[in-house]
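For reference, entry09.txt is printed below; it contains compact mmCIF, C-alpha atoms.
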# COMPACT_ATOMS: atom_id res chain seq x y z
CA MET A 1 -93.17 82.56 -18.85
CA SER A 2 -89.41 82.83 -18.94
CA ASN A 3 -88.59 79.79 -21.04
CA THR A 4 -85.76 80.81 -23.31
CA PRO A 5 -82.51 81.32 -21.37
CA ASN A 6 -80.55 78.91 -23.56
CA GLY A 7 -80.52 78.61 -27.31
CA ALA A 8 -82.90 81.51 -27.95
CA ALA A 9 -80.29 83.34 -30.00
CA ARG A 10 -80.33 80.74 -32.74
CA PRO A 11 -82.11 81.85 -35.94
CA GLU A 12 -84.42 78.81 -35.80
CA ALA A 13 -85.47 79.65 -32.25
CA LYS A 14 -86.05 83.32 -33.07
CA ALA A 15 -88.25 82.41 -36.04
CA LEU A 16 -90.38 80.16 -33.83
CA LEU A 17 -90.70 82.73 -31.04
CA THR A 18 -91.87 85.32 -33.56
CA ALA A 19 -94.64 82.97 -34.72
CA LEU A 20 -95.87 82.22 -31.20
CA ASN A 21 -98.62 84.12 -29.43
CA PRO A 22 -97.13 85.35 -26.11
CA ALA A 23 -100.50 85.30 -24.34
CA MET A 24 -101.11 81.71 -25.38
CA VAL A 25 -97.64 80.69 -24.20
CA ALA A 26 -98.19 82.38 -20.84
CA LEU A 27 -101.54 80.63 -20.46
CA MET A 28 -99.94 77.21 -20.95
CA ASP A 29 -97.96 77.68 -17.75
CA GLU A 30 -101.19 77.98 -15.77
CA LEU A 31 -102.38 74.50 -16.76
CA SER A 32 -101.51 71.77 -14.27
CA GLY A 33 -102.71 68.81 -16.34
CA VAL A 34 -101.29 69.73 -19.75
CA MET A 35 -97.77 69.25 -21.08
CA PHE A 36 -96.87 72.06 -23.48
CA CYS A 37 -93.84 72.61 -25.66
CA ALA A 38 -92.77 74.40 -28.82
CA LYS A 39 -89.95 73.11 -31.01
CA ASP A 40 -88.13 74.99 -33.74
CA ALA A 41 -87.47 73.70 -37.25
CA ASP A 42 -84.26 72.10 -35.98
CA GLY A 43 -86.21 69.95 -33.50
CA ARG A 44 -84.97 71.80 -30.42
CA TYR A 45 -87.22 72.86 -27.56
CA VAL A 46 -87.66 76.62 -27.40
CA VAL A 47 -90.61 76.94 -25.00
CA VAL A 48 -91.88 74.45 -22.39
CA ASN A 49 -94.12 74.63 -19.35
CA GLN A 50 -93.28 73.23 -15.94
CA VAL A 51 -95.52 70.18 -16.43
CA PHE A 52 -93.38 69.25 -19.42
CA VAL A 53 -90.19 69.66 -17.42
CA GLY A 54 -91.59 67.27 -14.82
CA ARG A 55 -91.76 64.50 -17.43
CA THR A 56 -88.09 64.82 -18.39
CA ARG A 57 -84.85 63.92 -16.68
CA GLU A 58 -84.15 67.61 -15.99
CA ARG A 59 -85.17 69.82 -13.08
CA SER A 60 -85.68 73.21 -14.70
CA ARG A 61 -86.73 74.80 -17.95
CA ARG A 62 -83.25 76.24 -18.29
CA ASP A 63 -81.93 72.68 -18.58
CA VAL A 64 -84.51 71.74 -21.24
CA ILE A 65 -84.40 74.69 -23.63
CA GLY A 66 -82.14 74.09 -26.62
CA LYS A 67 -82.20 70.32 -26.31
CA ARG A 68 -83.84 67.71 -28.52
CA ALA A 69 -86.11 64.82 -27.51
CA VAL A 70 -83.20 62.38 -27.67
CA ASP A 71 -81.44 64.42 -24.96
CA LEU A 72 -84.39 64.24 -22.56
CA PHE A 73 -86.21 60.94 -22.99
CA VAL A 74 -85.49 57.24 -23.32
CA PRO A 75 -84.63 56.27 -26.92
CA GLU A 76 -87.98 54.62 -27.68
CA LEU A 77 -89.97 57.65 -26.53
CA ALA A 78 -87.63 60.14 -28.23
CA GLU A 79 -87.92 58.20 -31.49
CA ARG A 80 -91.72 58.30 -31.25
CA TYR A 81 -91.76 62.07 -30.65
CA GLU A 82 -89.39 62.74 -33.53
CA SER A 83 -91.45 60.54 -35.84
CA GLN A 84 -94.57 62.52 -34.93
CA ASP A 85 -92.72 65.80 -35.53
CA GLU A 86 -91.50 64.65 -38.93
CA LEU A 87 -95.04 63.70 -39.93
CA VAL A 88 -96.30 67.16 -38.97
CA ARG A 89 -93.44 68.82 -40.85
CA THR A 90 -93.69 66.79 -44.05
CA THR A 91 -97.48 66.79 -44.32
CA ASP A 92 -97.90 70.30 -42.90
CA LYS A 93 -100.98 69.01 -41.12
CA PRO A 94 -101.86 68.85 -37.41
CA LEU A 95 -101.61 65.63 -35.46
CA ARG A 96 -104.66 65.37 -33.22
CA GLY A 97 -105.86 63.10 -30.44
CA GLU A 98 -102.92 60.68 -30.31
CA LEU A 99 -103.46 58.37 -27.35
CA GLU A 100 -100.18 57.92 -25.45
CA LEU A 101 -99.02 56.24 -22.27
CA ILE A 102 -96.38 58.62 -20.88
CA ARG A 103 -94.32 57.53 -17.92
CA HIS A 104 -93.43 59.86 -15.06
CA VAL A 105 -89.68 59.83 -14.54
CA GLY A 106 -89.16 57.19 -11.85
CA GLY A 107 -92.88 56.77 -11.43
CA ALA A 108 -96.04 55.30 -12.87
CA PRO A 109 -97.18 55.92 -16.44
CA GLY A 110 -100.27 57.97 -17.20
CA TRP A 111 -102.56 58.33 -20.23
CA PHE A 112 -102.43 61.48 -22.32
CA LEU A 113 -104.02 62.75 -25.54
CA THR A 114 -101.42 64.55 -27.66
CA SER A 115 -101.92 67.09 -30.44
CA LYS A 116 -99.24 68.85 -32.51
CA LEU A 117 -99.72 71.80 -34.86
CA PRO A 118 -97.25 73.20 -37.42
CA LEU A 119 -96.20 76.85 -37.19
CA HIS A 120 -95.27 79.15 -40.07
CA ASP A 121 -93.73 82.58 -40.46
CA GLU A 122 -95.32 85.43 -42.40
CA SER A 123 -93.98 84.03 -45.67
CA GLY A 124 -95.55 80.64 -45.00
CA ALA A 125 -92.30 78.83 -44.26
CA TYR A 126 -92.32 76.10 -41.61
CA VAL A 127 -90.63 77.31 -38.41
CA GLY A 128 -91.55 74.58 -35.96
CA LEU A 129 -94.50 73.20 -34.06
CA VAL A 130 -96.43 73.41 -30.80
CA SER A 131 -97.49 70.34 -28.85
CA VAL A 132 -99.98 69.81 -26.03
CA SER A 133 -100.55 66.54 -24.16
CA GLN A 134 -103.62 66.47 -21.94
CA ASP A 135 -103.66 64.31 -18.82
CA LEU A 136 -106.74 62.10 -19.08
CA ARG A 137 -108.69 62.47 -15.89
CA SER A 138 -112.42 62.32 -15.18
CA GLY A 139 -114.15 65.25 -16.78
CA ASP A 140 -116.95 67.43 -15.51
CA ALA A 141 -119.61 64.72 -15.52
CA ASP A 142 -122.46 64.17 -13.09
CA ASP A 143 -122.21 61.40 -10.50
CA ALA A 144 -124.68 59.12 -12.27
CA THR A 145 -122.72 59.29 -15.54
CA ILE A 146 -119.42 58.69 -13.76
CA GLN A 147 -120.85 55.67 -11.94
CA ALA A 148 -122.37 54.28 -15.14
CA MET A 149 -119.07 54.65 -16.99
CA ALA A 150 -117.20 53.09 -14.07
CA ARG A 151 -119.49 50.06 -14.35
CA LEU A 152 -118.91 49.96 -18.09
CA ARG A 153 -115.17 50.05 -17.58
CA GLY A 154 -115.42 47.16 -15.14
CA GLN A 155 -117.49 45.18 -17.63
CA VAL A 156 -114.94 45.76 -20.38
CA GLU A 157 -112.13 44.68 -18.07
CA ASP A 158 -114.06 41.50 -17.23
CA LEU A 159 -114.51 40.75 -20.94
CA LEU A 160 -110.80 41.30 -21.60
CA GLU A 161 -109.93 38.90 -18.79
CA HIS A 162 -111.91 36.24 -20.66
CA GLY A 163 -110.21 37.04 -23.96
CA ASP A 164 -113.08 39.03 -25.49
CA VAL A 165 -112.51 42.44 -27.10
CA PRO A 166 -115.85 44.29 -27.25
CA SER A 167 -116.86 46.40 -30.23
CA VAL A 168 -118.44 49.84 -29.95
CA ALA A 169 -121.83 48.19 -30.58
CA ASP A 170 -121.11 45.81 -27.70
CA LEU A 171 -120.31 48.75 -25.43
CA ALA A 172 -123.59 50.44 -26.32
CA VAL A 173 -125.48 47.28 -25.36
CA LEU A 174 -123.58 47.00 -22.09
CA ALA A 175 -124.27 50.65 -21.29
CA GLY A 176 -127.92 50.38 -22.32
CA CYS A 177 -127.84 53.38 -24.63
CA ALA A 178 -127.53 54.36 -28.27
CA PRO A 179 -124.02 54.58 -29.77
CA ALA A 180 -124.22 58.37 -30.07
CA SER A 181 -125.17 58.71 -26.40
CA LEU A 182 -122.42 56.28 -25.43
CA ASP A 183 -119.86 58.34 -27.33
CA ARG A 184 -120.88 61.52 -25.48
CA ARG A 185 -120.77 59.84 -22.07
CA VAL A 186 -117.42 58.13 -22.61
CA ARG A 187 -115.83 61.31 -23.92
CA ARG A 188 -117.19 63.34 -21.00
CA VAL A 189 -115.82 60.98 -18.35
CA PHE A 190 -112.65 59.60 -19.94
CA GLY A 191 -111.81 62.18 -22.61
CA LEU A 192 -111.71 59.35 -25.16
CA SER A 193 -113.87 57.80 -27.85
CA PRO A 194 -115.33 54.38 -26.97
CA ARG A 195 -112.86 52.72 -29.34
CA GLN A 196 -109.94 54.53 -27.69
CA LEU A 197 -111.23 53.52 -24.26
CA VAL A 198 -111.17 49.83 -25.19
CA LEU A 199 -107.68 50.18 -26.62
CA ARG A 200 -106.52 51.99 -23.48
CA LEU A 201 -107.90 49.22 -21.26
CA ARG A 202 -106.20 46.57 -23.41
CA VAL A 203 -102.85 48.32 -23.10
CA ASP A 204 -103.47 48.91 -19.39
CA ARG A 205 -104.01 45.16 -18.97
CA ALA A 206 -100.84 44.41 -20.91
CA ALA A 207 -98.85 46.95 -18.89
CA HIS A 208 -100.11 45.41 -15.66
CA LEU A 209 -99.05 41.94 -16.74
CA LEU A 210 -95.68 43.20 -17.94
CA THR A 211 -94.92 44.85 -14.61
CA THR A 212 -96.37 42.26 -12.21
CA THR A 213 -95.71 38.90 -13.89
CA THR A 214 -93.03 37.07 -15.85
CA VAL A 215 -95.36 35.43 -18.38
CA PRO A 216 -94.02 35.38 -21.97
CA LEU A 217 -94.86 38.29 -24.24
CA ALA A 218 -96.98 36.06 -26.47
CA GLU A 219 -99.21 35.25 -23.52
CA VAL A 220 -99.43 38.93 -22.55
CA ALA A 221 -100.48 39.71 -26.12
CA ALA A 222 -103.23 37.11 -26.03
CA ALA A 223 -104.43 38.22 -22.59
CA ALA A 224 -104.76 41.78 -23.87
CA GLY A 225 -106.79 40.69 -26.87
CA PHE A 226 -104.17 40.95 -29.61
CA TYR A 227 -104.11 38.56 -32.54
CA ASP A 228 -100.41 37.80 -32.22
CA GLN A 229 -97.24 39.07 -30.58
CA PRO A 230 -96.04 41.22 -33.53
CA SER A 231 -99.33 43.15 -33.68
CA PHE A 232 -99.21 43.60 -29.91
CA THR A 233 -95.63 44.87 -30.05
CA ARG A 234 -96.45 47.35 -32.83
CA THR A 235 -99.51 48.74 -31.05
CA PHE A 236 -97.87 48.89 -27.63
CA ALA A 237 -94.81 50.67 -29.06
CA ARG A 238 -97.01 53.11 -30.99
CA LEU A 239 -98.93 54.08 -27.87
CA THR A 240 -96.12 54.08 -25.31
CA GLY A 241 -92.96 54.78 -27.27
CA GLU A 242 -91.50 51.54 -25.89
CA THR A 243 -91.55 47.92 -26.89
CA PRO A 244 -93.20 45.57 -24.36
CA SER A 245 -89.83 44.07 -23.44
CA SER A 246 -88.31 47.51 -22.86
CA PHE A 247 -91.32 48.55 -20.79
CA ARG A 248 -90.98 45.43 -18.64
CA SER A 249 -87.24 45.92 -18.23
CA ARG A 250 -87.54 49.55 -17.15
CA SER A 251 -90.36 48.72 -14.74
CA ARG A 252 -88.16 46.16 -13.04
CA ARG A 253 -85.39 48.74 -12.66
CA SER A 254 -87.89 51.18 -11.08
CA PRO A 255 -89.84 49.30 -8.37
CA GLY A 256 -92.20 52.25 -7.87
CA ALA A 257 -93.26 52.31 -11.50
CA ARG A 258 -96.46 50.33 -11.80
CA ALA A 259 -99.22 50.77 -14.36

Is it possible to give me this structure as structure tokens?
Amino acid sequence: MSNTPNGAARPEAKALLTALNPAMVALMDELSGVMFCAKDADGRYVVVNQVFVGRTRERSRRDVIGKRAVDLFVPELAERYESQDELVRTTDKPLRGELELIRHVGGAPGWFLTSKLPLHDESGAYVGLVSVSQDLRSGDADDATIQAMARLRGQVEDLLEHGDVPSVADLAVLAGCAPASLDRRVRRVFGLSPRQLVLRLRVDRAAHLLTTTTVPLAEVAAAAGFYDQPSFTRTFARLTGETPSSFRSRSRRSPGARA
């Protein structure tokens, strides 16, 4: 993977490249449903795969390498990424399984699970991080499980339409199985925990209302099962990197972008 035409001469970039496993980096370019990147201690991208490039405003890896998130993404999303990076750096702990709604440039948003791991040199000093964001698609489940989970999803959506937010125990009753079995089935089909699935569907409902209606944000919050507008705004921004109003505004500017 030739990822480092620009900015690779910087000491921060060299330190990161030394800590990376070349075989692992090469493998990341073979994955069509995973965004991959590595940032140095200065917050600049040193390695990215083509899937990552496709989510930016640039057309090639050459145009991405050496830049920061603020150079590539809308401010709300860049701020979210940098906040995640700072948490990894300061705690020196991985960030795992962050549910995110990531918008295609000029297109519809899609759900991803993001993980970030800190990297260190031989002396133990922090040199940057690696990040992977997995596109959430149906997993390798049998037809019966997929159909059962599709029904469950429909039932949850019906409950949300009536203002009810089901608990994990409620989901188990709806699915007719024990909570442990439910967890396995939901993860196999959706790549999420049952709790994450409900949250995803709530945000999906909110995103749909934001992009297809002009109802006030307070009503969108209530329709998506949030206690009040501030809690809705915080959760929506945490998951999408954008406030609801910003999401609505950008969707109106891009007619093809629909959740």

request  = Fewer than 3 positions away in the same chain doesn't count, so skip those; otherwise give me all residues within 12 Å of Leu209 of chain A, counting all atoms listed in the file, as a PyMOL selection string.
outcome  = chain A and resi 161+202-206+212-224+244-245+247-248+251+258-259

ask   = A:Asn49, A:Thr114, A:Thr145, A:Ser231: which is nearest Ser133 of chain A, counting all atoms listed in the file?
value =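 When distances to Ser133 of chain A are compared using all atoms listed in the file, the smallest one comes from A:Thr114.
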
key: Nearest to Phe112 of chain A by atom-to-atom distance, counting only C-alpha atoms, from A:Asp135, A:Glu98, A:Asp228, A:Asp63   =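 The closest residue to Phe112 of chain A is A:Asp135.
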
Would you tabulate, counting all atoms listed in the file, all residues of segment 108-216 of chain A that have an atom at most 7 Å from an atom of segment 17-24 of chain A, showing the closest pair of atoms and their distance in Å to one decimal, sorted by chain then ascending number, as CSV?
residue,atom,partner,partner_atom,distance
A:Leu119,CA,A:Ala19,CA,6.8
A:His120,CA,A:Ala19,CA,6.6
A:Asp121,CA,A:Ala19,CA,5.8

ask   = What does the distance from atom CA of Val189 of chain A to atom CA of Leu152 of chain A come to in Å, to one decimal?
value =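 If I compute the distance from atom CA of Val189 of chain A to atom CA of Leu152 of chain A, I get 11.4 Å.
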
Å distance separating atom CA of Ala180 of chain A from atom CA of Val168 of chain A, one decimal place = 10.3 Å

inquiry  = Report, in Å with one decimal, the straight-line distance from atom CA of Ala148 of chain A to atom CA of Leu192 of chain A.
reply    =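 Atom CA of Leu192 of chain A lies at a distance of 15.5 Å from atom CA of Ala148 of chain A.
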
request  = Could you check which of A:Ala207, A:Met35, A:Gly163, A:Val130 is closest to Arg250 of chain A, using all atoms listed in the file?
outcome  =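 Closest to Arg250 of chain A, using all atoms listed in the file: A:Ala207.
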
task = Rank nothing, just name the residue among A:Val165, A:Ala144, A:Leu113, A:Leu174 nearest to Gly191 of chain A, using only C-alpha atoms.
result =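 Closest to Gly191 of chain A, using only C-alpha atoms: A:Leu113.
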
Produce a table with one row for each residue of segment 147-251 of chain A that has an atom at most 9 Å from any atom of segment 65-77 of chain A, each row naming the nearest atom pair and its distance in Å at one decimal; use only C-alpha atoms; arrange rows by chain and rising residue number; format as JSON lines.
{"residue": "A:Ala237", "atom": "CA", "partner": "A:Glu76", "partner_atom": "CA", "distance": 8.0}
{"residue": "A:Thr240", "atom": "CA", "partner": "A:Leu77", "partner_atom": "CA", "distance": 7.2}
{"residue": "A:Gly241", "atom": "CA", "partner": "A:Leu77", "partner_atom": "CA", "distance": 4.2}
{"residue": "A:Glu242", "atom": "CA", "partner": "A:Glu76", "partner_atom": "CA", "distance": 5.0}
{"residue": "A:Thr243", "atom": "CA", "partner": "A:Glu76", "partner_atom": "CA", "distance": 7.6}
{"residue": "A:Ser246", "atom": "CA", "partner": "A:Glu76", "partner_atom": "CA", "distance": 8.6}

request  = Counting only C-alpha atoms, figure out which residue out of A:Thr233, A:Gln134, A:Thr91, A:Ser249 gets nearest to Ser32 of chain A.
outcome  =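 Looking only at the distances to Ser32 of chain A, the closest residue turns out to be A:Gln134.
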
key: segment 154-158 of chain A environment, 7 Å, all atoms listed in the file, sequence neighbours closer than 4 positions dropped, as a PyMOL selection string   = chain A and resi 150+162+201

Which centre and edge lengths in Å to one decimal define the box along x, y and z that fits every listed atom of segment 57-63 of chain A plus 6 Å per side, as JSON?
{"center_x": -84.3, "center_y": 70.1, "center_z": -15.8, "size_x": 16.8, "size_y": 24.3, "size_z": 17.5}
